[in-house]
file upload-v4.txt (compact mmCIF, C-alpha atoms and all ligand atoms)
# COMPACT_ATOMS: atom_id res chain seq x y z
CA MET B 1 -17.84 34.24 39.35
CA PHE B 2 -19.12 32.90 42.69
CA SER B 3 -17.40 29.65 43.64
CA PHE B 4 -19.08 26.78 45.43
CA PHE B 5 -15.68 25.73 46.69
CA LYS B 6 -14.44 27.73 49.67
CA ASN B 7 -10.68 28.35 49.78
CA LYS B 8 -9.57 26.03 52.52
CA ALA B 9 -6.81 27.65 54.62
CA SER B 10 -3.81 25.38 54.20
CA ALA B 11 -2.77 23.64 57.44
CA PRO B 12 0.37 25.15 59.02
CA ALA B 13 3.37 23.19 57.82
CA VAL B 14 5.61 21.05 59.95
CA ARG B 15 9.21 22.23 59.52
CA TYR B 16 12.48 20.49 60.13
CA ALA B 17 15.48 21.87 61.96
CA ASP B 18 18.96 20.51 61.53
CA ILE B 19 20.52 21.17 64.98
CA ASN B 20 24.26 20.44 64.93
CA GLY B 21 23.52 17.72 62.36
CA LYS B 22 20.53 16.18 64.16
CA ARG B 23 17.18 16.42 62.29
CA VAL B 24 14.32 17.56 64.51
CA GLU B 25 10.65 18.03 63.66
CA VAL B 26 9.32 21.48 64.56
CA ARG B 27 5.55 21.60 64.96
CA PRO B 28 3.47 24.56 63.74
CA LYS B 29 4.01 27.65 65.96
CA GLU B 30 6.64 25.77 67.99
CA THR B 31 9.90 27.51 68.87
CA LEU B 32 13.24 25.96 68.03
CA LEU B 33 14.05 25.66 71.73
CA HIS B 34 10.79 23.87 72.50
CA ALA B 35 11.30 21.44 69.63
CA ALA B 36 14.89 20.74 70.65
CA LEU B 37 13.98 20.07 74.30
CA ARG B 38 11.05 17.87 73.23
CA GLU B 39 13.55 15.84 71.22
CA ASN B 40 15.80 15.55 74.32
CA ILE B 41 18.54 17.78 72.94
CA ASP B 42 20.27 19.43 75.92
CA PHE B 43 19.89 22.86 74.29
CA PRO B 44 21.28 25.74 76.43
CA HIS B 45 18.52 27.91 77.87
CA SER B 46 17.47 29.78 80.98
CA CYS B 47 14.63 32.35 80.92
CA ARG B 48 12.73 31.10 77.81
CA VAL B 49 11.34 34.60 77.24
CA GLY B 50 14.11 36.23 75.22
CA GLY B 51 15.73 37.89 78.20
CA CYS B 52 19.03 36.14 78.93
CA ALA B 53 20.60 35.13 75.58
CA SER B 54 21.64 31.72 76.88
CA CYS B 55 19.75 30.00 74.01
CA LYS B 56 21.75 32.01 71.45
CA CYS B 57 22.55 29.95 68.34
CA ARG B 58 23.53 30.58 64.74
CA LEU B 59 21.06 30.29 61.88
CA LEU B 60 23.07 28.76 59.03
CA ALA B 61 20.19 28.30 56.58
CA GLY B 62 16.46 28.97 56.38
CA LYS B 63 14.13 31.59 57.82
CA VAL B 64 12.65 32.13 61.28
CA LYS B 65 10.01 34.44 62.71
CA GLU B 66 11.11 36.16 65.94
CA LEU B 67 8.43 36.38 68.64
CA THR B 68 10.07 39.38 70.35
CA ASP B 69 12.61 41.99 69.35
CA ILE B 70 15.95 40.25 69.79
CA GLY B 71 17.91 43.29 68.68
CA TYR B 72 18.26 44.68 72.19
CA ILE B 73 19.88 41.58 73.66
CA LEU B 74 22.17 40.41 70.89
CA SER B 75 24.98 42.71 69.75
CA ASP B 76 25.01 44.19 66.23
CA GLU B 77 27.94 41.91 65.46
CA GLU B 78 26.03 38.79 66.56
CA LEU B 79 22.98 39.83 64.52
CA GLU B 80 25.20 40.36 61.46
CA GLN B 81 26.68 36.88 61.97
CA GLY B 82 23.18 35.36 61.94
CA TYR B 83 22.73 34.67 65.66
CA ILE B 84 19.15 34.18 66.86
CA LEU B 85 17.47 33.23 70.15
CA ALA B 86 16.07 29.70 69.90
CA CYS B 87 13.37 30.42 72.51
CA GLN B 88 12.01 33.26 70.36
CA SER B 89 12.39 31.69 66.90
CA VAL B 90 9.61 29.90 65.05
CA PRO B 91 10.87 28.42 61.75
CA GLN B 92 9.20 29.69 58.57
CA SER B 93 11.07 27.15 56.45
CA ASP B 94 13.32 24.18 57.16
CA VAL B 95 16.33 25.55 59.02
CA SER B 96 19.87 24.62 59.92
CA ILE B 97 21.23 25.66 63.35
CA ASP B 98 24.67 25.63 64.94
CA VAL B 99 24.78 25.78 68.74
CA ASP B 100 27.47 25.37 71.36
CA LEU B 101 26.20 22.56 73.59
CA SER B 102 29.33 22.33 75.74
CA ALA B 103 28.13 24.86 78.36
CA GLN B 104 25.25 22.59 79.32
CA THR B 105 27.54 19.81 80.43
CA GLN B 106 29.02 22.06 83.15
CA ARG B 107 25.60 22.89 84.58
CA LYS B 108 24.50 21.40 87.90
CA ARG B 109 21.24 21.65 89.80
CA LEU B 110 21.86 21.85 93.55
CA THR B 111 19.52 22.63 96.40
CA GLY B 112 20.72 24.60 99.40
CA ARG B 113 19.32 26.63 102.29
CA VAL B 114 19.29 30.38 102.79
CA VAL B 115 21.77 31.21 105.58
CA LEU B 116 21.94 35.00 105.18
CA GLN B 117 19.42 37.58 104.00
CA GLN B 118 20.97 40.98 104.49
CA ARG B 119 19.58 44.31 103.28
CA LEU B 120 22.31 46.22 101.43
CA THR B 121 20.25 49.21 100.27
CA PRO B 122 16.54 50.12 100.47
CA ASP B 123 15.87 47.78 97.52
CA ILE B 124 18.83 45.38 97.24
CA THR B 125 19.26 42.29 99.43
CA HIS B 126 22.26 39.99 99.76
CA LEU B 127 21.03 36.39 99.68
CA LYS B 128 23.54 33.73 100.74
CA ILE B 129 22.72 30.08 100.12
CA GLN B 130 24.63 27.21 101.68
CA LEU B 131 25.09 24.35 99.21
CA ALA B 132 26.20 20.86 100.18
CA GLU B 133 28.92 20.81 97.53
CA VAL B 134 31.00 23.39 95.67
CA LEU B 135 29.39 24.65 92.48
CA ASP B 136 32.12 25.31 89.95
CA TYR B 137 31.60 28.54 88.00
CA LYS B 138 33.55 31.45 86.56
CA ALA B 139 33.25 34.76 88.43
CA GLY B 140 30.81 36.81 86.32
CA GLN B 141 28.45 33.96 85.41
CA PHE B 142 24.90 33.53 86.69
CA ALA B 143 22.57 30.77 87.90
CA ASP B 144 18.84 30.12 87.77
CA LEU B 145 17.23 30.21 91.23
CA ALA B 146 13.94 28.56 92.16
CA MET B 147 12.01 28.36 95.45
CA ALA B 148 9.50 25.62 96.22
CA SER B 149 7.22 28.27 97.73
CA LEU B 150 7.16 30.15 94.39
CA PRO B 151 6.53 27.52 91.74
CA GLY B 152 6.96 28.54 88.11
CA HIS B 153 9.11 31.57 88.95
CA THR B 154 12.67 30.50 88.13
CA ARG B 155 14.84 33.62 87.81
CA SER B 156 18.45 34.32 86.81
CA TYR B 157 20.89 35.96 89.25
CA SER B 158 24.63 36.61 88.93
CA PHE B 159 27.01 35.16 91.50
CA ALA B 160 28.17 38.03 93.71
CA SER B 161 31.48 36.40 94.69
CA PRO B 162 33.96 33.94 93.17
CA PRO B 163 33.45 30.26 94.15
CA GLN B 164 33.84 29.92 97.95
CA PRO B 165 35.66 27.04 99.68
CA ASP B 166 32.70 26.58 102.09
CA SER B 167 30.42 25.96 99.04
CA SER B 168 28.14 28.91 99.82
CA VAL B 169 26.91 31.10 96.95
CA SER B 170 25.83 34.75 97.16
CA PHE B 171 23.52 36.94 95.10
CA PHE B 172 22.55 40.64 95.22
CA ILE B 173 18.86 40.87 94.36
CA ARG B 174 17.14 44.17 93.61
CA LYS B 175 13.41 44.48 94.21
CA VAL B 176 11.64 45.03 90.90
CA PRO B 177 8.25 46.73 91.40
CA GLY B 178 5.57 44.06 90.84
CA GLY B 179 8.23 41.36 90.60
CA ALA B 180 7.43 37.97 92.12
CA PHE B 181 10.86 36.55 93.06
CA SER B 182 12.70 39.77 93.90
CA THR B 183 9.85 41.00 96.14
CA ASP B 184 9.97 37.76 98.14
CA VAL B 185 13.72 38.07 98.58
CA ASN B 186 13.46 41.68 99.71
CA GLU B 187 10.34 41.42 101.86
CA ARG B 188 9.78 37.89 103.17
CA ASP B 189 11.90 36.07 105.77
CA LEU B 190 13.62 33.33 103.79
CA ILE B 191 16.19 32.11 106.35
CA GLY B 192 16.25 28.29 106.26
CA GLN B 193 14.24 28.16 102.97
CA ALA B 194 15.32 25.63 100.36
CA ILE B 195 16.45 27.23 97.10
CA THR B 196 17.54 25.40 93.96
CA VAL B 197 20.60 26.83 92.21
CA ASP B 198 20.98 25.73 88.58
CA GLY B 199 24.16 26.83 86.82
CA PRO B 200 26.55 28.13 85.88
CA VAL B 201 25.21 29.95 82.83
CA GLY B 202 26.52 32.82 80.70
CA GLU B 203 29.61 34.10 78.97
CA PHE B 204 30.36 37.10 81.18
CA TRP B 205 33.80 36.64 82.75
CA LEU B 206 37.18 38.38 82.56
CA ARG B 207 39.07 37.49 79.41
CA PRO B 208 42.83 36.91 79.88
CA SER B 209 44.66 40.06 78.73
CA ASP B 210 47.10 42.75 79.88
CA VAL B 211 45.16 45.81 78.73
CA PRO B 212 43.43 48.25 81.13
CA MET B 213 39.91 47.32 82.22
CA ILE B 214 36.90 49.62 82.43
CA LEU B 215 34.12 48.10 84.51
CA ILE B 216 30.71 49.74 84.64
CA ALA B 217 27.98 48.58 87.00
CA ALA B 218 24.55 49.93 87.88
CA GLY B 219 22.47 48.84 90.88
CA SER B 220 22.64 45.09 91.47
CA GLY B 221 24.82 44.86 88.34
CA LEU B 222 27.73 45.30 90.75
CA ALA B 223 27.38 41.61 91.74
CA PRO B 224 29.27 39.93 88.85
CA ILE B 225 31.71 42.86 88.54
CA LEU B 226 32.71 42.50 92.20
CA ALA B 227 33.04 38.73 91.77
CA MET B 228 35.29 39.21 88.72
CA LEU B 229 37.52 41.74 90.50
CA GLN B 230 37.87 39.55 93.62
CA HIS B 231 38.76 36.57 91.46
CA ALA B 232 41.24 38.64 89.42
CA LEU B 233 42.93 39.92 92.61
CA ALA B 234 43.34 36.35 93.87
CA GLU B 235 44.90 35.49 90.50
CA GLN B 236 47.36 38.39 90.94
CA CYS B 237 45.98 40.38 88.04
CA GLN B 238 48.24 43.36 87.18
CA ARG B 239 45.86 45.28 84.92
CA PRO B 240 44.90 48.92 85.59
CA VAL B 241 41.24 49.24 86.60
CA VAL B 242 38.61 51.95 86.33
CA LEU B 243 35.37 51.03 88.11
CA LEU B 244 32.24 53.15 87.56
CA PHE B 245 29.30 52.39 89.85
CA GLY B 246 25.95 54.02 89.15
CA ALA B 247 23.30 54.41 91.86
CA ARG B 248 20.54 56.86 92.67
CA THR B 249 21.53 58.27 96.06
CA GLN B 250 24.17 57.65 98.73
CA ALA B 251 21.74 55.21 100.39
CA ASP B 252 21.84 53.10 97.22
CA LEU B 253 25.63 52.64 97.32
CA TYR B 254 26.76 49.36 98.87
CA ALA B 255 29.75 46.97 99.07
CA LEU B 256 31.96 50.04 99.53
CA GLU B 257 34.09 48.22 102.12
CA GLN B 258 34.78 45.39 99.66
CA ILE B 259 35.64 47.89 96.92
CA ARG B 260 37.98 49.75 99.30
CA THR B 261 39.77 46.47 100.10
CA LEU B 262 40.17 45.75 96.39
CA GLU B 263 41.51 49.27 95.81
CA GLU B 264 44.08 48.91 98.64
CA ARG B 265 45.33 45.49 97.57
CA TRP B 266 45.23 45.92 93.79
CA PRO B 267 48.84 45.82 92.52
CA ALA B 268 48.20 48.30 89.64
CA PRO B 269 46.28 51.64 89.40
CA PHE B 270 42.69 51.19 90.62
CA GLU B 271 40.27 54.10 90.23
CA PHE B 272 36.75 53.94 91.66
CA PHE B 273 34.03 56.46 90.69
CA PRO B 274 30.57 56.16 92.24
CA VAL B 275 28.09 58.26 90.24
CA LEU B 276 24.75 59.34 91.74
CA SER B 277 21.76 60.22 89.57
CA ARG B 278 19.21 61.41 92.17
CA GLU B 279 21.24 62.65 95.11
CA ASP B 280 19.79 65.75 96.79
CA GLU B 281 21.58 68.85 95.46
CA GLN B 282 21.96 70.13 99.05
CA SER B 283 23.55 66.94 100.42
CA ASP B 284 27.16 66.47 101.54
CA TRP B 285 27.99 64.35 98.45
CA HIS B 286 31.16 65.56 96.74
CA GLY B 287 31.44 62.78 94.17
CA ALA B 288 30.15 62.62 90.60
CA ARG B 289 26.50 63.30 89.83
CA GLY B 290 24.40 62.35 86.82
CA ARG B 291 24.08 59.13 84.92
CA VAL B 292 26.86 56.60 85.23
CA THR B 293 27.29 56.85 81.46
CA ASP B 294 28.04 60.61 81.74
CA ALA B 295 31.45 59.73 83.18
CA ILE B 296 32.50 57.62 80.18
CA PRO B 297 33.73 60.44 77.88
CA THR B 298 36.11 61.61 80.66
CA LEU B 299 38.00 58.28 80.63
CA ARG B 300 40.98 57.15 78.59
CA LEU B 301 39.28 54.54 76.46
CA ALA B 302 41.47 53.60 73.49
CA GLY B 303 43.04 50.17 73.92
CA ALA B 304 40.91 49.26 76.98
CA GLU B 305 38.62 46.30 77.47
CA ALA B 306 35.16 47.05 78.94
CA TYR B 307 32.80 44.98 81.11
CA LEU B 308 29.27 46.28 81.65
CA CYS B 309 26.50 45.00 83.85
CA GLY B 310 23.04 46.36 84.66
CA PRO B 311 19.75 47.15 82.95
CA PRO B 312 19.66 46.92 79.12
CA ALA B 313 19.18 50.67 78.58
CA MET B 314 22.33 51.52 80.58
CA ILE B 315 24.34 48.93 78.67
CA ASP B 316 23.24 50.18 75.27
CA ALA B 317 24.04 53.80 76.17
CA ALA B 318 27.42 52.85 77.69
CA ALA B 319 28.40 50.60 74.78
CA ALA B 320 27.72 53.38 72.24
CA LEU B 321 29.89 55.86 74.20
CA LEU B 322 32.70 53.36 74.73
CA VAL B 323 32.86 52.46 71.04
CA ALA B 324 32.69 56.14 70.04
CA GLY B 325 35.61 56.77 72.42
CA GLY B 326 37.82 54.07 70.90
CA VAL B 327 37.00 50.76 72.63
CA ARG B 328 36.82 48.04 69.99
CA ARG B 329 33.46 46.24 69.79
CA GLU B 330 35.21 42.91 70.25
CA ASP B 331 36.69 44.18 73.55
CA LEU B 332 33.29 44.93 75.01
CA TYR B 333 31.49 42.39 77.22
CA ALA B 334 28.08 42.92 78.80
CA ASP B 335 25.48 41.15 80.90
CA ARG B 336 21.98 42.59 80.67
CA PHE B 337 19.79 42.18 83.74
CA THR B 338 16.62 41.80 81.73
CA THR B 339 13.24 41.14 83.34
CA VAL B 340 10.04 39.75 81.84
CA ALA B 341 8.92 43.33 81.25
CA ASP B 342 12.15 44.11 79.32
CA ALA B 343 11.73 41.00 77.22
CA LEU B 344 8.16 42.01 76.41
CA ASN B 345 9.35 45.55 75.81
CA THR B 346 6.97 46.99 78.40
CA SER B 347 9.37 48.39 80.97
CA SER B 348 10.15 52.04 81.39
CA VAL B 349 13.67 52.96 80.31
CA GLU B 350 15.90 53.25 83.34
CA LEU B 351 19.58 53.96 83.02
CA VAL B 352 20.69 53.61 86.59
CA ASP B 353 19.27 50.51 88.15
C1 LIG G 1 21.53 36.97 82.92
C2 LIG G 1 20.75 37.68 83.99
C3 LIG G 1 21.34 37.94 85.23
C4 LIG G 1 20.61 38.64 86.20
N1 LIG G 1 21.21 38.88 87.39
C5 LIG G 1 20.56 39.61 88.31
C6 LIG G 1 21.20 39.95 89.57
O1 LIG G 1 22.32 39.51 89.86
N2 LIG G 1 20.51 40.73 90.42
C7 LIG G 1 19.25 41.21 90.15
O2 LIG G 1 18.71 41.94 90.98
N3 LIG G 1 18.63 40.89 88.98
C8 LIG G 1 19.24 40.10 88.08
N4 LIG G 1 18.59 39.76 86.91
C9 LIG G 1 17.14 40.06 86.77
C10 LIG G 1 16.34 38.88 87.38
O3 LIG G 1 16.54 37.70 86.65
C11 LIG G 1 14.82 39.10 87.40
O4 LIG G 1 14.37 39.38 86.11
C12 LIG G 1 14.39 40.21 88.35
O5 LIG G 1 14.82 39.95 89.67
C13 LIG G 1 12.85 40.30 88.36
O6 LIG G 1 12.30 39.07 88.75
P1 LIG G 1 10.91 39.03 89.55
O7 LIG G 1 10.44 37.62 89.62
O8 LIG G 1 11.01 39.79 90.81
O9 LIG G 1 9.98 39.86 88.59
P2 LIG G 1 8.93 39.29 87.49
O10 LIG G 1 7.79 38.64 88.19
O11 LIG G 1 9.66 38.50 86.47
O12 LIG G 1 8.44 40.67 86.89
C14 LIG G 1 9.36 41.65 86.37
C15 LIG G 1 8.61 42.84 85.88
O13 LIG G 1 7.81 42.45 84.77
C16 LIG G 1 6.47 42.72 85.00
N5 LIG G 1 5.75 41.60 84.38
C17 LIG G 1 5.73 40.30 84.81
N6 LIG G 1 5.00 39.55 83.96
C18 LIG G 1 4.56 40.39 83.00
C19 LIG G 1 3.77 40.23 81.84
N7 LIG G 1 3.28 39.05 81.49
N8 LIG G 1 3.54 41.32 81.07
C20 LIG G 1 4.02 42.54 81.39
N9 LIG G 1 4.79 42.76 82.48
C21 LIG G 1 5.05 41.70 83.26
C22 LIG G 1 6.32 42.81 86.52
O14 LIG G 1 5.26 43.65 86.91
C23 LIG G 1 7.64 43.41 86.91
O15 LIG G 1 7.63 44.81 86.80
C24 LIG G 1 19.29 39.08 85.93
C25 LIG G 1 18.70 38.80 84.69
C26 LIG G 1 19.42 38.11 83.73
C27 LIG G 1 18.76 37.83 82.40
S1 LIG G 2 16.36 31.16 77.13
FE1 LIG G 2 16.20 32.28 75.30
S2 LIG G 2 16.80 34.25 75.84
FE2 LIG G 2 16.74 33.20 77.74

call {"tool": "encode", "arguments": {"input": "upload-v4.txt", "output": "structure tokens", "more": "lines below"}}
Ligand SMILES: Cc1cc2nc3c(=O)[nH]c(=O)nc-3n(C[C@H](O)[C@H](O)[C@H](O)COP(=O)(O)OP(=O)(O)OC[C@H]3O[C@@H](n4cnc5c(N)ncnc54)[C@H](O)[C@@H]3O)c2cc1C
Ligand code: FES
result
Amino acid sequence: MFSFFKNKASAPAVRYADINGKRVEVRPKETLLHAALRENIDFPHSCRVGGCASCKCRLLAGKVKELTDIGYILSDEELEQGYILACQSVPQSDVSIDVDLSAQTQRKRLTGRVVLQQRLTPDITHLKIQLAEVLDYKAGQFADLAMASLPGHTRSYSFASPPQPDSSVSFFIRKVPGGAFSTDVNERDLIGQAITVDGPVGEFWLRPSDVPMILIAAGSGLAPILAMLQHALAEQCQRPVVLLFGARTQADLYALEQIRTLEERWPAPFEFFPVLSREDEQSDWHGARGRVTDAIPTLRLAGAEAYLCGPPAMIDAAAALLVAGGVRREDLYADRFTTVADALNTSSVELVD
């Protein structure tokens, strides 16, 4: 029968989130991160678009809707344990969240000036920023950079060296086609420009251990790997090292002098394999060709710890091969250089850089 009374759509419900024991109201369509920051909780975060995993937290109870696919940034193990990304999670019921807030307390926001802008390859630039005080971080971590001339474009970049006594910080920044920040760094003169460095962020650093290390970097992913190795050498690390470095052509290889110095001074076996994916067949290159991941099955993997850095597709492919070859999942550490396009799942799959 026809009804005079229209079904009124029920108003979206306000939910409540218990964040480390503090009760927070979450408004309709609001993410957990947004609600937490609105309530002045110093919730860890960086990109806010599901690309960096710094807002990772554990869902203890309740249900959330994910705005983007979080499966590519969190490991299978983390997903099984109930980890979610707060910046991508809209509660569908009242929820209870556990988050490690300690990292935030180490974060500092410092402004410095660009003192070096040096082209390393056709699309990677070394940007050195002089800060007024030393920023304490672990080699392997990253920071959020912002330029006054590019408002609203804060981007994450890994430190390319361990902390320096002169309080300078360095980054290797690859130009992403159509990218706002990375194009400026690679194409505009930034010497003397003020840049804000907010960090440190991230959980990518060398874990204390004696077992052999396999380090795999692609493109600008070499930055944190180099920083970790330089720090480990200074700490008199005695672990055997295999370093795989993926690039397209010989022109895309860089920091070879620094790697040679590491190799010479390293007190244990140190093997370095650059792998080129698009080097001209007729060129004088005698090293490995193909994808950097192609070299993985040739390595002795069982009992090793692995550190991977580069684009998400390379990391996923490398992780699968390493685990298949005998590296335990819990001995695998990775930093994904995601971009907005990756987070929105619109980028083309690139394995090299
Ligand atoms: C933890 C971490 C560490 C990182 N470290 C480094 C590093 O050391 N070195 C390095 O080179 N990079 C690093 N990155 C990547 C870096 O943060 C930037 O994502 C990268 O430099 C691109 O920034 P951009 O401003 O140039 O590009 P963006 O302007 O963010 O654009 C990136 C791409 O997305 C596309 N895009 C932008 N907006 C949209 C939209 N709305 N819809 C669809 N497509 C869009 C653009 O066309 C472009 O192709 C890291 C990333 C993370 C998460
Ligand atoms: S802040 Fe949530 S993934 Fe970066």

call {"tool": "residues_around", "arguments": {"input": "upload-v4.txt", "residues": "B:Leu85", "least_positions_apart": "2", "cutoff": "7 Å", "atoms": "all atoms listed in the file", "output": "list in words"}}
result
Gly50, Ala53, Cys55, Lys56, Cys57, Cys87, Gln88 and Ser89 of chain B

call {"tool": "closest_residue", "arguments": {"input": "upload-v4.txt", "among": "B:Ala139, B:Leu127, B:Ala17, B:Ala132", "to": "B:Asp184", "atoms": "all atoms listed in the file"}}
result
B:Leu127

call {"tool": "residues_near_ligand", "arguments": {"input": "upload-v4.txt", "ligand": "ligand LIG 2 (chain G)", "cutoff": "12 Å", "atoms": "only C-alpha atoms and all ligand atoms", "output": "VMD selection string"}}
result
chain B and resid 31 to 34 37 43 to 57 66 to 74 83 to 89 143 to 144 154 to 156 201 to 202 336 to 340 342 to 344

call {"tool": "closest_residue", "arguments": {"input": "upload-v4.txt", "among": "B:Leu233, B:Ala36, B:Ala319, B:Ala341", "to": "ligand LIG 1 (chain G)", "atoms": "only C-alpha atoms and all ligand atoms"}}
result
B:Ala341

call {"tool": "closest_residue", "arguments": {"input": "upload-v4.txt", "among": "B:Gly152, B:Pro212, B:Pro162, B:Gly62", "to": "ligand LIG 1 (chain G)", "atoms": "only C-alpha atoms and all ligand atoms"}}
result
B:Gly152

call {"tool": "residues_around", "arguments": {"input": "upload-v4.txt", "residues": "B:Tyr307", "least_positions_apart": "6", "cutoff": "7 Å", "atoms": "only C-alpha atoms", "output": "list of chain:residue names"}}
result
B:Ile214, B:Leu215, B:Ile216, B:Leu332, B:Tyr333, B:Ala334

call {"tool": "atom_distance", "arguments": {"input": "upload-v4.txt", "atom1": "atom CA of B:Leu120", "atom2": "atom CA of B:Asp189"}}
result
15.2 Å

call {"tool": "closest_residue", "arguments": {"input": "upload-v4.txt", "among": "B:Ile296, B:Ile259, B:Ala288, B:Cys309", "to": "ligand LIG 1 (chain G)", "atoms": "only C-alpha atoms and all ligand atoms"}}
result
B:Cys309

call {"tool": "residues_around", "arguments": {"input": "upload-v4.txt", "residues": "B:Pro91", "least_positions_apart": "6", "cutoff": "10 Å", "atoms": "only C-alpha atoms", "output": "list in words"}}
result
Ala13, Val14, Arg15, Tyr16, Ala17, Val26, Arg27, Pro28, Lys29, Glu30, Thr31, Leu32, Gly62, Lys63, Val64, Lys65 and Glu66 of chain B

call {"tool": "atom_distance", "arguments": {"input": "upload-v4.txt", "atom1": "atom CA of B:Arg278", "atom2": "atom CA of B:Pro240"}}
result
29.3 Å

call {"tool": "residues_around", "arguments": {"input": "upload-v4.txt", "residues": "B:Phe171", "least_positions_apart": "2", "cutoff": "6 Å", "atoms": "all atoms listed in the file", "output": "list of chain:residue names"}}
result
B:His126, B:Leu127, B:Phe159, B:Ala160

call {"tool": "closest_residue", "arguments": {"input": "upload-v4.txt", "among": "B:Met213, B:Ile97, B:Met228, B:Leu59", "to": "B:Gly82", "atoms": "all atoms listed in the file"}}
result
B:Leu59

call {"tool": "closest_residue", "arguments": {"input": "upload-v4.txt", "among": "B:Tyr254, B:Tyr157, B:Trp266, B:Tyr137", "to": "ligand LIG 1 (chain G)", "atoms": "all atoms listed in the file"}}
result
B:Tyr157

call {"tool": "residues_around", "arguments": {"input": "upload-v4.txt", "residues": "B:Gln118", "least_positions_apart": "4", "cutoff": "10 Å", "atoms": "only C-alpha atoms", "output": "list in words"}}
result
Ile124, Thr125, His126, Leu127, Lys128, Phe172, Val185 and Asn186 of chain B

call {"tool": "decode", "arguments": {"input": "upload-v4.txt", "residues": "stretch 276-287 of chain B", "atoms": "N, CA and C atoms", "output": "PDB file, in the first residue's frame"}}
result
ATOM      1  N   LEU B 276      71.079  -3.245 -13.760  1.00  0.00           N
ATOM      2  CA  LEU B 276      70.490  -2.259 -14.668  1.00  0.00           C
ATOM      3  C   LEU B 276      69.357  -2.865 -15.500  1.00  0.00           C
ATOM      4  N   SER B 277      68.222  -2.175 -15.528  1.00  0.00           N
ATOM      5  CA  SER B 277      67.049  -2.739 -16.210  1.00  0.00           C
ATOM      6  C   SER B 277      66.906  -2.274 -17.652  1.00  0.00           C
ATOM      7  N   ARG B 278      67.486  -1.081 -17.998  1.00  0.00           N
ATOM      8  CA  ARG B 278      67.274  -0.573 -19.362  1.00  0.00           C
ATOM      9  C   ARG B 278      68.575  -0.148 -20.030  1.00  0.00           C
ATOM     10  N   GLU B 279      69.659  -0.774 -19.645  1.00  0.00           N
ATOM     11  CA  GLU B 279      70.951  -0.425 -20.248  1.00  0.00           C
ATOM     12  C   GLU B 279      71.003  -0.963 -21.684  1.00  0.00           C
ATOM     13  N   ASP B 280      71.517  -0.129 -22.590  1.00  0.00           N
ATOM     14  CA  ASP B 280      71.641  -0.526 -23.994  1.00  0.00           C
ATOM     15  C   ASP B 280      72.434  -1.840 -24.101  1.00  0.00           C
ATOM     16  N   GLU B 281      71.872  -2.775 -24.855  1.00  0.00           N
ATOM     17  CA  GLU B 281      72.512  -4.101 -25.011  1.00  0.00           C
ATOM     18  C   GLU B 281      73.940  -3.987 -25.545  1.00  0.00           C
ATOM     19  N   GLN B 282      74.177  -2.928 -26.362  1.00  0.00           N
ATOM     20  CA  GLN B 282      75.493  -2.778 -27.014  1.00  0.00           C
ATOM     21  C   GLN B 282      76.495  -2.022 -26.128  1.00  0.00           C
ATOM     22  N   SER B 283      76.104  -1.597 -24.949  1.00  0.00           N
ATOM     23  CA  SER B 283      76.992  -0.743 -24.151  1.00  0.00           C
ATOM     24  C   SER B 283      78.135  -1.548 -23.525  1.00  0.00           C
ATOM     25  N   ASP B 284      79.036  -0.826 -22.846  1.00  0.00           N
ATOM     26  CA  ASP B 284      80.210  -1.480 -22.253  1.00  0.00           C
ATOM     27  C   ASP B 284      79.903  -2.037 -20.844  1.00  0.00           C
ATOM     28  N   TRP B 285      78.649  -2.112 -20.461  1.00  0.00           N
ATOM     29  CA  TRP B 285      78.280  -2.575 -19.117  1.00  0.00           C
ATOM     30  C   TRP B 285      78.479  -4.082 -18.983  1.00  0.00           C
ATOM     31  N   HIS B 286      79.279  -4.490 -17.999  1.00  0.00           N
ATOM     32  CA  HIS B 286      79.523  -5.920 -17.808  1.00  0.00           C
ATOM     33  C   HIS B 286      78.834  -6.462 -16.567  1.00  0.00           C
ATOM     34  N   GLY B 287      78.129  -5.567 -15.856  1.00  0.00           N
ATOM     35  CA  GLY B 287      77.452  -6.006 -14.629  1.00  0.00           C
ATOM     36  C   GLY B 287      76.119  -6.672 -14.931  1.00  0.00           C
TER      37      GLY B 287
END
